[in-house]
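**Student:** Right, I'll just put the structure down here and ask away after.
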Amino acid sequence: MKLSAVLSSISLVLCASHASAINPLIIKGSKFFDSVTGDQFYIKGVAYQPSGQTGANKDPLANIQTCTRDIAYFQDLGLNTIRVYQVDNTLNHDACMKALAAAGIYLVLDISSPSYSINRADPSYDIVLLDNYKKTIDAFSDYPNVIGFFAGNEVVNNVNATKAAPFVKASIRDVKKYVKTKKRQIPVGYSTNDAAVTRVDCADYFNCGDADERVDFYGYNIYSWCGDEATFQSSQYAARTEQFSTYSVPVFLSEFGCNTNGVRSFHQVASIFGPDMKDTFSGGIVYEYTQEPNNYGLVKIEADGGVTKRPCYENLKNEMSKVRLQTTKLSSYMPSRVPSQCPSISSTWLANSKIPSTPSEKLCSSMVDSLKCVFTNATGNTPDMEKLFAYLCNEASCTEIIDNGETGVYGMYSGCEPEQRLSYMFNEYYTKNGEKDTSCSFDGFGAVVTPTKAAPTPIKDSDNTSSTTDVSSSSIGKSTKEPRKQLHQGNGAGSLSTMSVLTLLALSAVSFANL
């Protein structure tokens with residue numbers, strides 16, 4: 001696209017911003033509604049993360065030139081929503097969000113990122129992660145065209161990963177609580193994959209229990225409608241529609257669009273927005289806008305910034321142009337569906353219904369202030385925290401800094417920052433060894449201090465028990481400052497784990513002199 005075209009697009013959008021407005025959406029029962037007109041809202045969207053997959057500082061909503069360039073194509077396709085997987089919460093997004101609003105386009109935003117997310121392979125949830133989620137909410141809470149926030153994408157994608165579900169659910173609870181402090185109550189949800197062995201239990205888990213812990217909406221990533229011969233029945237879309245027919249909150253396809261059979265025809269659009277599915281699903285989001293190595297793109301971004309439509313672009317446009325929705329009015333809709341029952345722990349579902357407490361900076365700071373031996377980085381060197389934790393947990397009790405999503409037992413300080421947890425373990429070791437100065441050295445990373453506060457009162461409630469925990473199945477010494485990645489890769493999310501607990505245990509045989 002030439003510079004003149006970009007400037008023209010910007011001018012048109014800015015003019016439109018003075019002539020049109022977008023109304024915030026609200027949820028009633030299992031449907032979205034326009035808060036002003038009362039009309040039911042269906043998501044007709046596309047996944048939007050141009051210039052590669054998610055990675056460092058990838059934020060399509062902070063670049064007004066590319067944003068306005070692409071808005072014209074969203075409108076041409078007949079779309080009203082984009083899903084963005086990653087933003088930089090330190091940047092300003094006013095120009096792009098206003099341009100999207102002027103064009104009648106809403107946003108569904110993932111608040112996790114490659115550097116800040118729950119690692120399915122070795123899950124934990126701490127202050128660092130929650131604080132980053134809050135910063136992203138701060139950056140987007142004032143925009144009327146934000147439909148909702150995803151607090152996780154495909155974290156629970158296999159049986160072993162179900163142990164991460166309590167941590168995701170805890171983050172949903174805390175994000176919902178934080179959103180309530182804002183001017184507008186933006187919904188919070190979770191986006192799941194289409195894994196046969198976990199999909200029913202996963203949907204039930206995130207919609208069961210206390211209202212403060214349940215999702216406000218649920219996204220379903222599905223890629224089973226493949227090729228021109230596929231049908232509503234053969235694609236399993238019918239089965240999924242039946243599964244969610246009694247779900248009590250809005251459900252939509254947060255990703256769809258199989259690419260294994262050549263050029264995508266998008267015949268499933270007729271079912272998604274027609275009689276087959278419209279009473280159960282609130283629309284869907286096509287994966288994805290730009291062509292990337294995974295070969296799902298509707299368009300290709302050329303080296304000069306120009307946009308080239310791929311064959312599937314016109315197919316989607318054609319199918320969307322046929323959509324004729326008969327909607328329900330807010331005033332006449334009387335929801336009757338009820339939340340799900342929490343699934344029992346089984347061989348295929350390992351998530352306990354008890355979830356971690358909200359990470360508390362006050363609790364963690366008070367704990368550190370009560371210690372006699374603490375972590376310090378006075379040396380200026382980088383500590384090998386995995387080895388430190390491995391050694392310390394072999395020498396003293398790690399019960400209060402570890403957590404276990406399967407047993408539902410969470411240490412009192414498991415939500416503290418890694419440095420705070422390390423201070424706790426330094427002090428445990430120091431106390432166990434008679435408070436000798438040599439027991440608080442740790443190659444220069446430990447320091448003897450005078451406590452300024454009494455130790456916090458141990459948690460004794462039914463949801464967070466400070467009892468003996470099996471270290472081999474718990475998470476320790478993991479920082480969400482390190483890559484805890486839900487890097488989106490086509491039809492699924494992967495994770496980049498820091499060193500696993502089993503590896504930490506193996507390292508515990510290493511003598512402290514070698515640390």
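Labeling convention for the structure tokens: chains A, B, ... as they appear, residues from 1 per chain, ligands from 1 in order of appearance.
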Which residues come within 7 Å of stretch 259-268 of chain A, counting only C-alpha atoms, excluding same-chain residues fewer than 6 positions away, as a list of chain:residue names?

**Tutor:**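 Surrounding residues, per the criterion: A:Trp225, A:Cys226, A:Gly227, A:Asp228, A:Tyr296, A:Pro311, A:Cys312, A:Asn315, A:Leu316, A:Glu319.
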
**Student:** Contacts of A:Ser360 at 7 Å or less, counting only C-alpha atoms, minus same-chain residues fewer than 3 places along, as a ChimeraX atom specification?

**Tutor:** /A:127,363-364

**Student:** List the spatial neighbours of stretch 419-426 of chain A as a ChimeraX atom specification - criterion: any atom at most 7 Å away, only C-alpha atoms, same-chain residues fewer than 2 positions off excluded.

**Tutor:** /A:364,368,373-375,392,401,413,416-417,428-430,440

**Student:** Determine, counting only C-alpha atoms, which protein, DNA and RNA residues have an atom within 12 Å of an atom of A:Val307; residues of the same chain fewer than 5 positions away are not included. Present the result as a list in words.

**Tutor:**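 Listed by chain and then number, they are Met1, Lys2, Ala5, Val6, Pro50, Thr66, Arg69, Asp70, Ile71, Ala72, Tyr73, Tyr289, Thr290, Gln291, Gly297, Leu298, Val299, Lys300, Ile301, Glu302 and Tyr313 of chain A.
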
**Student:** Could you write out that same residue set with C-alpha atoms as a PDB file, in the first residue's frame?

**Tutor:**
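Once written, again15.pdb looks like this:
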ATOM      1  CA  MET A   1       0.000   0.000   0.000  1.00  0.00           C
ATOM      2  CA  LYS A   2       1.369   3.412  -1.012  1.00  0.00           C
ATOM      3  CA  ALA A   5      -3.329   5.322   0.368  1.00  0.00           C
ATOM      4  CA  VAL A   6      -2.355   4.976   4.016  1.00  0.00           C
ATOM      5  CA  PRO A  50       0.308  -9.436  11.650  1.00  0.00           C
ATOM      6  CA  THR A  66      -1.082  -0.751   9.568  1.00  0.00           C
ATOM      7  CA  ARG A  69      -4.720  -0.122   6.343  1.00  0.00           C
ATOM      8  CA  ASP A  70      -6.263  -3.352   7.576  1.00  0.00           C
ATOM      9  CA  ILE A  71      -9.553  -1.900   8.829  1.00  0.00           C
ATOM     10  CA  ALA A  72     -10.616  -1.381   5.230  1.00  0.00           C
ATOM     11  CA  TYR A  73     -10.198  -5.111   4.590  1.00  0.00           C
ATOM     12  CA  TYR A 289      -5.793 -12.404   8.790  1.00  0.00           C
ATOM     13  CA  THR A 290      -2.169 -12.380   7.588  1.00  0.00           C
ATOM     14  CA  GLN A 291      -0.280 -15.167   5.875  1.00  0.00           C
ATOM     15  CA  GLY A 297      -3.651 -16.179   6.013  1.00  0.00           C
ATOM     16  CA  LEU A 298      -6.499 -14.423   4.248  1.00  0.00           C
ATOM     17  CA  VAL A 299      -4.031 -11.839   2.936  1.00  0.00           C
ATOM     18  CA  LYS A 300      -0.306 -11.534   2.382  1.00  0.00           C
ATOM     19  CA  ILE A 301       1.559  -8.435   3.540  1.00  0.00           C
ATOM     20  CA  GLU A 302       4.147  -7.514   0.928  1.00  0.00           C
ATOM     21  CA  TYR A 313     -10.218 -14.098   1.160  1.00  0.00           C
TER      22      TYR A 313
END

**Student:** Can you tell me, as JSON, numbers by chain, which residues in stretch 259-339 of chain A count as strand (DSSP E or B) by DSSP?

**Tutor:** {"A": [281, 282, 283, 284, 285, 286, 290, 299, 300, 301, 307, 308, 309, 329]}

**Student:** For the selection just defined, write its residues with N, CA and C atoms to a file, as a PDB file, in the first residue's frame.

**Tutor:**
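Result saved to result.pdb:
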ATOM      1  N   PHE A 281     -24.182 -20.810  19.615  1.00  0.00           N
ATOM      2  CA  PHE A 281     -22.932 -20.059  19.503  1.00  0.00           C
ATOM      3  C   PHE A 281     -23.200 -18.607  19.110  1.00  0.00           C
ATOM      4  N   SER A 282     -22.381 -17.714  19.651  1.00  0.00           N
ATOM      5  CA  SER A 282     -22.503 -16.282  19.354  1.00  0.00           C
ATOM      6  C   SER A 282     -21.512 -15.860  18.284  1.00  0.00           C
ATOM      7  N   GLY A 283     -21.406 -16.673  17.227  1.00  0.00           N
ATOM      8  CA  GLY A 283     -20.538 -16.337  16.119  1.00  0.00           C
ATOM      9  C   GLY A 283     -19.189 -17.022  16.171  1.00  0.00           C
ATOM     10  N   GLY A 284     -18.222 -16.446  15.447  1.00  0.00           N
ATOM     11  CA  GLY A 284     -16.916 -17.086  15.374  1.00  0.00           C
ATOM     12  C   GLY A 284     -15.845 -16.170  14.811  1.00  0.00           C
ATOM     13  N   ILE A 285     -14.591 -16.585  15.019  1.00  0.00           N
ATOM     14  CA  ILE A 285     -13.415 -15.826  14.593  1.00  0.00           C
ATOM     15  C   ILE A 285     -12.565 -16.694  13.676  1.00  0.00           C
ATOM     16  N   VAL A 286     -12.367 -16.246  12.457  1.00  0.00           N
ATOM     17  CA  VAL A 286     -11.548 -16.970  11.487  1.00  0.00           C
ATOM     18  C   VAL A 286     -10.074 -16.820  11.849  1.00  0.00           C
ATOM     19  N   THR A 290      -3.369 -12.432   8.425  1.00  0.00           N
ATOM     20  CA  THR A 290      -2.169 -12.380   7.588  1.00  0.00           C
ATOM     21  C   THR A 290      -1.556 -13.757   7.360  1.00  0.00           C
ATOM     22  N   VAL A 299      -4.782 -12.765   3.778  1.00  0.00           N
ATOM     23  CA  VAL A 299      -4.031 -11.839   2.936  1.00  0.00           C
ATOM     24  C   VAL A 299      -2.542 -12.040   3.169  1.00  0.00           C
ATOM     25  N   LYS A 300      -1.759 -11.539   2.236  1.00  0.00           N
ATOM     26  CA  LYS A 300      -0.306 -11.534   2.382  1.00  0.00           C
ATOM     27  C   LYS A 300       0.162 -10.091   2.441  1.00  0.00           C
ATOM     28  N   ILE A 301       0.988  -9.777   3.434  1.00  0.00           N
ATOM     29  CA  ILE A 301       1.559  -8.435   3.540  1.00  0.00           C
ATOM     30  C   ILE A 301       2.879  -8.420   2.781  1.00  0.00           C
ATOM     31  N   VAL A 307      -1.000  -4.954   0.590  1.00  0.00           N
ATOM     32  CA  VAL A 307      -1.808  -6.117   0.947  1.00  0.00           C
ATOM     33  C   VAL A 307      -2.257  -6.840  -0.316  1.00  0.00           C
ATOM     34  N   THR A 308      -1.980  -8.133  -0.365  1.00  0.00           N
ATOM     35  CA  THR A 308      -2.431  -8.966  -1.475  1.00  0.00           C
ATOM     36  C   THR A 308      -3.435  -9.986  -0.951  1.00  0.00           C
ATOM     37  N   LYS A 309      -4.620  -9.991  -1.544  1.00  0.00           N
ATOM     38  CA  LYS A 309      -5.647 -10.944  -1.122  1.00  0.00           C
ATOM     39  C   LYS A 309      -5.296 -12.341  -1.615  1.00  0.00           C
ATOM     40  N   LYS A 329     -34.051  -9.804  21.044  1.00  0.00           N
ATOM     41  CA  LYS A 329     -33.947  -8.522  21.730  1.00  0.00           C
ATOM     42  C   LYS A 329     -33.679  -8.738  23.214  1.00  0.00           C
TER      43      LYS A 329
END

**Student:** Have a look at atom CA of A:Gly78 and atom CA of A:Val269 and let me know their distance in Å, one decimal.

**Tutor:**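 One can read the atom CA of A:Gly78 to atom CA of A:Val269 distance as 12.3 Å.
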
**Student:** DSSP says alpha helix (DSSP H) for which residues of stretch 6-184 of chain A? Put them as a ChimeraX atom specification?

**Tutor:** /A:6-19,64-77,94-102,127-140,165-179

**Student:** Keeping only C-alpha atoms, take the residues you just selected and write them out as an mmCIF file, in the first residue's frame.

**Tutor:**
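again22.cif, written as the output of this step:
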data_model
loop_
_atom_site.group_PDB
_atom_site.id
_atom_site.type_symbol
_atom_site.label_atom_id
_atom_site.label_comp_id
_atom_site.auth_asym_id
_atom_site.auth_seq_id
_atom_site.Cartn_x
_atom_site.Cartn_y
_atom_site.Cartn_z
ATOM 1 C CA VAL A 6 -2.355 4.976 4.016
ATOM 2 C CA LEU A 7 -2.927 8.696 4.603
ATOM 3 C CA SER A 8 -6.256 8.461 2.823
ATOM 4 C CA SER A 9 -7.301 5.584 5.055
ATOM 5 C CA ILE A 10 -6.298 7.530 8.165
ATOM 6 C CA SER A 11 -8.234 10.575 6.977
ATOM 7 C CA LEU A 12 -11.355 8.543 6.302
ATOM 8 C CA VAL A 13 -11.198 6.879 9.683
ATOM 9 C CA LEU A 14 -10.638 10.156 11.521
ATOM 10 C CA CYS A 15 -13.585 11.703 9.718
ATOM 11 C CA ALA A 16 -15.712 8.705 10.531
ATOM 12 C CA SER A 17 -14.779 8.981 14.196
ATOM 13 C CA HIS A 18 -16.664 12.271 14.376
ATOM 14 C CA ALA A 19 -19.765 10.805 12.748
ATOM 15 C CA ILE A 64 -1.973 3.426 13.289
ATOM 16 C CA GLN A 65 -0.648 3.020 9.739
ATOM 17 C CA THR A 66 -1.082 -0.751 9.568
ATOM 18 C CA CYS A 67 -4.204 -0.613 11.698
ATOM 19 C CA THR A 68 -6.048 1.746 9.370
ATOM 20 C CA ARG A 69 -4.720 -0.122 6.343
ATOM 21 C CA ASP A 70 -6.263 -3.352 7.576
ATOM 22 C CA ILE A 71 -9.553 -1.900 8.829
ATOM 23 C CA ALA A 72 -10.616 -1.381 5.230
ATOM 24 C CA TYR A 73 -10.198 -5.111 4.590
ATOM 25 C CA PHE A 74 -12.061 -6.063 7.775
ATOM 26 C CA GLN A 75 -14.983 -3.983 6.559
ATOM 27 C CA ASP A 76 -14.759 -5.419 3.061
ATOM 28 C CA LEU A 77 -14.999 -8.922 4.542
ATOM 29 C CA ASP A 94 -5.934 5.270 21.348
ATOM 30 C CA ALA A 95 -5.601 5.926 17.627
ATOM 31 C CA CYS A 96 -6.131 2.349 16.501
ATOM 32 C CA MET A 97 -8.908 1.593 18.988
ATOM 33 C CA LYS A 98 -10.773 4.744 17.980
ATOM 34 C CA ALA A 99 -10.340 3.878 14.313
ATOM 35 C CA LEU A 100 -11.698 0.392 14.932
ATOM 36 C CA ALA A 101 -14.643 1.824 16.862
ATOM 37 C CA ALA A 102 -15.409 4.271 14.073
ATOM 38 C CA ILE A 127 2.285 -11.581 41.779
ATOM 39 C CA VAL A 128 4.343 -10.909 38.650
ATOM 40 C CA LEU A 129 1.782 -12.512 36.358
ATOM 41 C CA LEU A 130 -1.251 -10.882 37.977
ATOM 42 C CA ASP A 131 0.388 -7.448 37.924
ATOM 43 C CA ASN A 132 1.061 -7.730 34.203
ATOM 44 C CA TYR A 133 -2.537 -8.793 33.551
ATOM 45 C CA LYS A 134 -3.683 -5.717 35.479
ATOM 46 C CA LYS A 135 -1.464 -3.452 33.385
ATOM 47 C CA THR A 136 -3.005 -4.780 30.178
ATOM 48 C CA ILE A 137 -6.497 -4.254 31.582
ATOM 49 C CA ASP A 138 -5.512 -0.703 32.559
ATOM 50 C CA ALA A 139 -4.402 -0.073 28.983
ATOM 51 C CA PHE A 140 -7.694 -1.217 27.419
ATOM 52 C CA ALA A 165 -6.657 -25.419 35.144
ATOM 53 C CA PRO A 166 -6.872 -24.302 38.816
ATOM 54 C CA PHE A 167 -4.193 -21.679 38.188
ATOM 55 C CA VAL A 168 -5.993 -20.339 35.115
ATOM 56 C CA LYS A 169 -9.264 -20.264 37.040
ATOM 57 C CA ALA A 170 -7.605 -18.368 39.887
ATOM 58 C CA SER A 171 -6.362 -15.788 37.398
ATOM 59 C CA ILE A 172 -9.884 -15.469 35.954
ATOM 60 C CA ARG A 173 -11.245 -14.808 39.444
ATOM 61 C CA ASP A 174 -8.633 -12.140 40.141
ATOM 62 C CA VAL A 175 -8.945 -10.465 36.751
ATOM 63 C CA LYS A 176 -12.734 -10.306 37.155
ATOM 64 C CA LYS A 177 -12.276 -8.740 40.578
ATOM 65 C CA TYR A 178 -9.864 -6.153 39.176
ATOM 66 C CA VAL A 179 -12.167 -5.319 36.266
#
